[in-house]
Amino acid sequence: MTYLAVVIIILVLSCLGYAILNSILPKKLANLQFLIGGGYALALFLVIAQMFLMSLLNLGITRMTILFPWSILVISYFIFFRRRKILIPSITFPNGILEKLGIILLSSLVIFVGMEGILREPIGWDAVATWMLQGKGFYYSGGLSTDIYRYAQIDSPPGIGLILMFFYTLLGRGDDHAVLLFFGSIYPVILFLLYGSIKSYTNARTALLFTLFFATLQLAIRQAGRFEAGYADLPLSYFFLSSAAFLLNFYRTKRSLFFLIATLFAGIASFVKNEGSAFFLVFLLVSLFAQIRLRRWYIWYTIPGIITFASWLLFKYFYPLHPSYYEQSYFVIERWDLVIKQMFFEFFRVDRWNFLWLGLFLSIFLLPKKIVTFIPFQLMLLQFIGYFFIYMVTPLDPVDHIVGSLDRLLLQLAPLAILSIAYCSYAILKNSSFLGTSRND
């Protein structure tokens with residue numbers, strides 16, 4: 001029954017997020033898969049914001065106090081959008097035999113990941129000793145508590161812990177095994193959002209092909225439901241993708257609402273992992289470039305994202321947490337060649353990445369001018385440069401640090417790489433009979 005309760009919570013959050021996006025976004029500018037994928041991200045944003053504010057205001061976190069704001073949200077939705085029908089367009093896929101096999105494989109992978117999440121106990125070190133420990137600490141403390149940071153000696157943002165506290169409170173107990181389904185739920189919504197995003201600027205056949213490409217990555221499967229289930233890199237990659245997808249739609253449509261939602265997703269990424277703070281700064285820079293190219297300014301729409309980002313920084317300022325070991329680090333210019341060489345090796349780990357990074361390098365080589373103007377690629381490149389500087393200043397042995405962490409950092413960027421490769425591939429092969437030419441295939 002506990003697993004069923006978690007599934008119901010996930011489905012309710014997904015439906016609420018989808019309903020909100022379906023009601024506020026123009027119907028012709030966002031397909032069904034895009035709304036499903038983005039809707040869950042919006043719901044998780046609301047969960048983190050709710051639990052963070054309730055903790056700050058010391059409102060007392062119980063099942064009733066959690067459900068009350070959501071009840072108000074549902075009632076308000078039916079009041080303000082009662083005349084607007086929720087349209088459920090049909091999901092159309094190509095009809096070829098290869099496409100049908102691709103859909104079957106995608107569905108099988110999602111089922112496999114879900115079953116793995118049910119059958120396995122959380123065994124990853126970061127899953128148990130960081131994220132679930134953090135979530136349980138918040139749950140048993142009745143809110144976001146700095147005590148768990150001092151006890152566990154961690155400096156990680158509280159977003160995942162707040163989400164887990166949300167689940168634990170609704171379940172009535174700290175069940176680490178059951179909440180693995182939350183981490184598994186990130187996997188299918190990333191696939192939905194990838195498919196919907198790629199389809200918006202290519203076609204359904206191309207979108208299915210590259211969504212399948214991401215779905216078969218070993219690291220994505222491992223973090224969704226296998227040995228590394230419970231890690232925060234896949235949820236962080238989901239918010240990176242959500243932010244990039246909505247920013248890309250803003251650039252294509254010039255609709256400010258897409259930009260506003262993108263800034264919220266970029267801001268909340270800083271609550272998930274420390275890398276999310278760097279991503280938010282990268283997002284502000286890339287969005288500034290986009291506004292310059294559009295010759296229109298939307299600066300005011302960044303304020304909600306800035307407030308979200310600043311909330312965690314201010315919390316750390318007023319409630320000092322366990323210090324990061326980077327505070328004792330400094331830039332070591334002599335290690336640049338060692339860092340580049342070791343990072344380069346990771347790109348050719350076909351067992352982890354298939355040919356993802358080789359495909360990205362090929363795209364850069366074939367269409368350098370086109371790809372550098374593509375928003376997801378800009379976000380990915382600048383974020384990767386940030387990761388390079390992490391290894392240049394790390395107080396740890398750089399080789400050991402890269403071997404132990406680079407694969408997870410690249411997983412955070414993998415959906416953006418998929419978007420970039422799909423964009424270039426479609427530009428090169430749009431006249432191919434394999435990829436097709438119509439966006440409505």
# chains A, B, ... in the order shown; residues from 1 in each chain; ligands from 1
$ residues_around --residues "segment 42-51 of chain A" --least-positions-apart "4" --cutoff "8 Å" --atoms "only C-alpha atoms" --output "number ranges by chain"
A: 13-14, 16-17, 38, 55, 143-144, 159, 162-163, 166, 264-265, 268
$ write_last_selection --atoms "N, CA and C atoms" --output "mmCIF file, in the first residue's frame"
data_model
loop_
_atom_site.group_PDB
_atom_site.id
_atom_site.type_symbol
_atom_site.label_atom_id
_atom_site.label_comp_id
_atom_site.auth_asym_id
_atom_site.auth_seq_id
_atom_site.Cartn_x
_atom_site.Cartn_y
_atom_site.Cartn_z
ATOM 1 N N LEU A 13 0.422 14.972 -8.434
ATOM 2 C CA LEU A 13 1.310 16.104 -8.705
ATOM 3 C C LEU A 13 1.455 16.336 -10.208
ATOM 4 N N SER A 14 1.620 15.248 -10.952
ATOM 5 C CA SER A 14 1.753 15.365 -12.405
ATOM 6 C C SER A 14 0.509 15.973 -13.034
ATOM 7 N N LEU A 16 -1.816 17.871 -11.598
ATOM 8 C CA LEU A 16 -1.977 19.272 -11.209
ATOM 9 C C LEU A 16 -1.029 20.166 -12.000
ATOM 10 N N GLY A 17 0.229 19.750 -12.115
ATOM 11 C CA GLY A 17 1.183 20.542 -12.879
ATOM 12 C C GLY A 17 0.780 20.648 -14.336
ATOM 13 N N GLY A 38 6.868 19.181 -18.480
ATOM 14 C CA GLY A 38 7.050 20.423 -17.743
ATOM 15 C C GLY A 38 6.131 20.539 -16.539
ATOM 16 N N SER A 55 8.667 25.668 6.620
ATOM 17 C CA SER A 55 9.737 25.491 7.593
ATOM 18 C C SER A 55 10.191 26.835 8.150
ATOM 19 N N GLY A 143 10.613 20.016 9.962
ATOM 20 C CA GLY A 143 10.892 21.099 9.024
ATOM 21 C C GLY A 143 12.366 21.161 8.694
ATOM 22 N N LEU A 144 12.734 22.140 7.879
ATOM 23 C CA LEU A 144 14.126 22.326 7.487
ATOM 24 C C LEU A 144 14.942 22.681 8.723
ATOM 25 N N GLY A 159 16.646 20.943 -1.390
ATOM 26 C CA GLY A 159 15.502 20.668 -2.256
ATOM 27 C C GLY A 159 15.043 19.223 -2.241
ATOM 28 N N LEU A 162 13.578 18.308 1.088
ATOM 29 C CA LEU A 162 12.239 18.864 1.279
ATOM 30 C C LEU A 162 11.192 18.037 0.538
ATOM 31 N N ILE A 163 11.545 17.586 -0.664
ATOM 32 C CA ILE A 163 10.614 16.731 -1.416
ATOM 33 C C ILE A 163 10.395 15.414 -0.675
ATOM 34 N N PHE A 166 8.157 15.860 2.206
ATOM 35 C CA PHE A 166 6.782 15.939 1.704
ATOM 36 C C PHE A 166 6.190 14.530 1.581
ATOM 37 N N LEU A 264 12.027 30.310 -13.122
ATOM 38 C CA LEU A 264 11.658 29.598 -11.890
ATOM 39 C C LEU A 264 12.372 28.252 -11.811
ATOM 40 N N PHE A 265 12.401 27.525 -12.925
ATOM 41 C CA PHE A 265 13.071 26.226 -12.941
ATOM 42 C C PHE A 265 14.577 26.383 -12.726
ATOM 43 N N ILE A 268 15.087 27.211 -8.981
ATOM 44 C CA ILE A 268 14.881 26.098 -8.047
ATOM 45 C C ILE A 268 15.979 25.050 -8.202
#
$ residues_around --residues "Val339 of chain A" --least-positions-apart "5" --cutoff "9 Å" --atoms "only C-alpha atoms" --output "MDAnalysis selection string"
chainID A and resid 344 388 391:392 398:399 402
$ residues_around --residues "Ala229 of chain A" --least-positions-apart "2" --cutoff "9 Å" --atoms "only C-alpha atoms" --output "mmCIF file with N, CA and C atoms, in the first residue's frame"
data_model
loop_
_atom_site.group_PDB
_atom_site.id
_atom_site.type_symbol
_atom_site.label_atom_id
_atom_site.label_comp_id
_atom_site.auth_asym_id
_atom_site.auth_seq_id
_atom_site.Cartn_x
_atom_site.Cartn_y
_atom_site.Cartn_z
ATOM 1 N N GLY A 117 13.004 0.016 -8.962
ATOM 2 C CA GLY A 117 12.823 0.878 -7.806
ATOM 3 C C GLY A 117 12.033 0.210 -6.694
ATOM 4 N N ARG A 120 14.512 -3.009 -5.305
ATOM 5 C CA ARG A 120 15.811 -2.726 -4.703
ATOM 6 C C ARG A 120 15.701 -1.843 -3.474
ATOM 7 N N GLU A 121 16.591 -2.072 -2.555
ATOM 8 C CA GLU A 121 16.776 -1.157 -1.435
ATOM 9 C C GLU A 121 17.740 -0.057 -1.874
ATOM 10 N N PRO A 122 17.648 1.137 -1.282
ATOM 11 C CA PRO A 122 18.640 2.173 -1.602
ATOM 12 C C PRO A 122 20.012 1.759 -1.089
ATOM 13 N N ILE A 123 21.006 1.717 -1.988
ATOM 14 C CA ILE A 123 22.331 1.242 -1.598
ATOM 15 C C ILE A 123 23.422 2.253 -1.912
ATOM 16 N N GLY A 124 23.137 3.274 -2.742
ATOM 17 C CA GLY A 124 24.140 4.266 -3.081
ATOM 18 C C GLY A 124 24.517 5.100 -1.866
ATOM 19 N N ALA A 127 22.905 8.488 -1.819
ATOM 20 C CA ALA A 127 21.459 8.336 -1.633
ATOM 21 C C ALA A 127 21.118 8.189 -0.159
ATOM 22 N N LEU A 180 12.018 5.703 -3.285
ATOM 23 C CA LEU A 180 12.823 5.493 -4.489
ATOM 24 C C LEU A 180 11.979 5.670 -5.743
ATOM 25 N N PHE A 183 12.389 9.069 -7.277
ATOM 26 C CA PHE A 183 13.553 9.216 -8.161
ATOM 27 C C PHE A 183 13.295 8.526 -9.496
ATOM 28 N N GLY A 184 12.604 7.387 -9.442
ATOM 29 C CA GLY A 184 12.258 6.711 -10.682
ATOM 30 C C GLY A 184 11.279 7.505 -11.535
ATOM 31 N N ILE A 221 19.625 5.119 -16.369
ATOM 32 C CA ILE A 221 18.896 3.963 -15.847
ATOM 33 C C ILE A 221 19.344 3.646 -14.423
ATOM 34 N N ARG A 222 20.655 3.723 -14.180
ATOM 35 C CA ARG A 222 21.182 3.407 -12.852
ATOM 36 C C ARG A 222 20.651 4.369 -11.795
ATOM 37 N N GLN A 223 20.583 5.651 -12.139
ATOM 38 C CA GLN A 223 20.106 6.624 -11.150
ATOM 39 C C GLN A 223 18.588 6.649 -11.042
ATOM 40 N N ALA A 224 17.903 6.179 -12.059
ATOM 41 C CA ALA A 224 16.439 6.181 -12.010
ATOM 42 C C ALA A 224 15.891 5.049 -11.150
ATOM 43 N N GLY A 225 16.569 3.897 -11.151
ATOM 44 C CA GLY A 225 15.978 2.804 -10.399
ATOM 45 C C GLY A 225 16.906 1.670 -10.040
ATOM 46 N N ARG A 226 18.185 1.780 -10.425
ATOM 47 C CA ARG A 226 19.075 0.651 -10.158
ATOM 48 C C ARG A 226 20.069 0.993 -9.054
ATOM 49 N N PHE A 227 21.341 0.771 -9.293
ATOM 50 C CA PHE A 227 22.323 0.809 -8.217
ATOM 51 C C PHE A 227 22.501 2.189 -7.598
ATOM 52 N N TYR A 231 20.154 9.182 -6.002
ATOM 53 C CA TYR A 231 21.077 10.286 -6.221
ATOM 54 C C TYR A 231 20.308 11.486 -6.785
ATOM 55 N N ALA A 232 20.899 12.662 -6.662
ATOM 56 C CA ALA A 232 20.188 13.892 -7.052
ATOM 57 C C ALA A 232 20.562 14.391 -8.437
#
$ residues_around --residues "Gln134 of chain A" --least-positions-apart "2" --cutoff "8 Å" --atoms "only C-alpha atoms" --output "VMD selection string"
chain A and resid 129 to 132 136 to 138 148 to 149 158 161
$ write_last_selection --atoms "C-alpha atoms" --output "mmCIF file, in the first residue's frame"
data_model
loop_
_atom_site.group_PDB
_atom_site.id
_atom_site.type_symbol
_atom_site.label_atom_id
_atom_site.label_comp_id
_atom_site.auth_asym_id
_atom_site.auth_seq_id
_atom_site.Cartn_x
_atom_site.Cartn_y
_atom_site.Cartn_z
ATOM 1 C CA ALA A 129 24.099 9.258 3.644
ATOM 2 C CA THR A 130 23.110 12.561 2.043
ATOM 3 C CA TRP A 131 19.683 12.837 0.467
ATOM 4 C CA MET A 132 17.623 10.358 2.479
ATOM 5 C CA LYS A 136 14.574 12.031 7.347
ATOM 6 C CA GLY A 137 16.276 14.706 9.410
ATOM 7 C CA PHE A 138 13.796 17.284 8.142
ATOM 8 C CA ILE A 148 21.020 17.605 10.285
ATOM 9 C CA TYR A 149 23.639 19.608 8.392
ATOM 10 C CA PRO A 158 17.692 21.147 0.829
ATOM 11 C CA GLY A 161 15.308 16.607 1.337
#
$ residues_around --residues "segment 2-4 of chain A" --least-positions-apart "2" --cutoff "10 Å" --atoms "only C-alpha atoms" --output "PyMOL selection string"
chain A and resi 6-10+118+171-173+175+177-181
$ closest_residue --among "A:Arg296, A:Lys370, A:Lys273, A:Lys28" --to "Trp312 of chain A" --atoms "only C-alpha atoms"
A:Lys273
$ closest_residue --among "A:Phe81, A:Phe214, A:Phe271, A:Tyr251" --to "Phe315 of chain A" --atoms "only C-alpha atoms"
A:Phe271
$ select_by_dssp --residues "segment 338-381 of chain A" --states "helix (DSSP H, G or I)" --output "ChimeraX atom specification"
/A:338-347,350-353,356-366,368-371,375-381
$ write_last_selection --atoms "C-alpha atoms" --output "PDB file, in the first residue's frame"
ATOM      1  CA  LEU A 338      45.924  16.759 -16.430  1.00  0.00           C
ATOM      2  CA  VAL A 339      42.308  17.842 -15.885  1.00  0.00           C
ATOM      3  CA  ILE A 340      41.584  18.142 -19.604  1.00  0.00           C
ATOM      4  CA  LYS A 341      43.132  14.750 -20.365  1.00  0.00           C
ATOM      5  CA  GLN A 342      41.230  12.989 -17.593  1.00  0.00           C
ATOM      6  CA  MET A 343      37.942  14.660 -18.550  1.00  0.00           C
ATOM      7  CA  PHE A 344      38.529  13.770 -22.178  1.00  0.00           C
ATOM      8  CA  PHE A 345      38.775  10.062 -21.304  1.00  0.00           C
ATOM      9  CA  GLU A 346      35.264  10.139 -19.849  1.00  0.00           C
ATOM     10  CA  PHE A 347      33.757  11.296 -23.139  1.00  0.00           C
ATOM     11  CA  VAL A 350      30.954   4.104 -24.634  1.00  0.00           C
ATOM     12  CA  ASP A 351      29.781   1.720 -21.926  1.00  0.00           C
ATOM     13  CA  ARG A 352      28.328   4.704 -20.036  1.00  0.00           C
ATOM     14  CA  TRP A 353      27.366   7.105 -22.793  1.00  0.00           C
ATOM     15  CA  LEU A 356      26.473  10.677 -26.958  1.00  0.00           C
ATOM     16  CA  TRP A 357      29.553  12.856 -26.600  1.00  0.00           C
ATOM     17  CA  LEU A 358      31.076  11.657 -29.859  1.00  0.00           C
ATOM     18  CA  GLY A 359      27.832  12.703 -31.530  1.00  0.00           C
ATOM     19  CA  LEU A 360      28.057  16.110 -29.875  1.00  0.00           C
ATOM     20  CA  PHE A 361      31.652  16.612 -31.059  1.00  0.00           C
ATOM     21  CA  LEU A 362      30.597  15.620 -34.569  1.00  0.00           C
ATOM     22  CA  SER A 363      27.717  18.111 -34.463  1.00  0.00           C
ATOM     23  CA  ILE A 364      30.095  20.867 -33.386  1.00  0.00           C
ATOM     24  CA  PHE A 365      32.479  19.950 -36.201  1.00  0.00           C
ATOM     25  CA  LEU A 366      29.788  19.836 -38.911  1.00  0.00           C
ATOM     26  CA  PRO A 368      29.786  25.041 -35.593  1.00  0.00           C
ATOM     27  CA  LYS A 369      28.000  28.297 -36.420  1.00  0.00           C
ATOM     28  CA  LYS A 370      24.563  26.767 -36.011  1.00  0.00           C
ATOM     29  CA  ILE A 371      25.101  24.918 -32.753  1.00  0.00           C
ATOM     30  CA  ILE A 375      20.265  27.894 -26.394  1.00  0.00           C
ATOM     31  CA  PRO A 376      20.551  24.384 -24.826  1.00  0.00           C
ATOM     32  CA  PHE A 377      24.085  24.074 -26.197  1.00  0.00           C
ATOM     33  CA  GLN A 378      25.056  27.460 -24.758  1.00  0.00           C
ATOM     34  CA  LEU A 379      23.720  26.446 -21.344  1.00  0.00           C
ATOM     35  CA  MET A 380      25.518  23.110 -21.497  1.00  0.00           C
ATOM     36  CA  LEU A 381      28.843  24.567 -22.659  1.00  0.00           C
TER      37      LEU A 381
END
$ closest_residue --among "A:Ile306, A:Arg205, A:Ser242, A:Val282" --to "Leu98 of chain A" --atoms "only C-alpha atoms"
A:Arg205
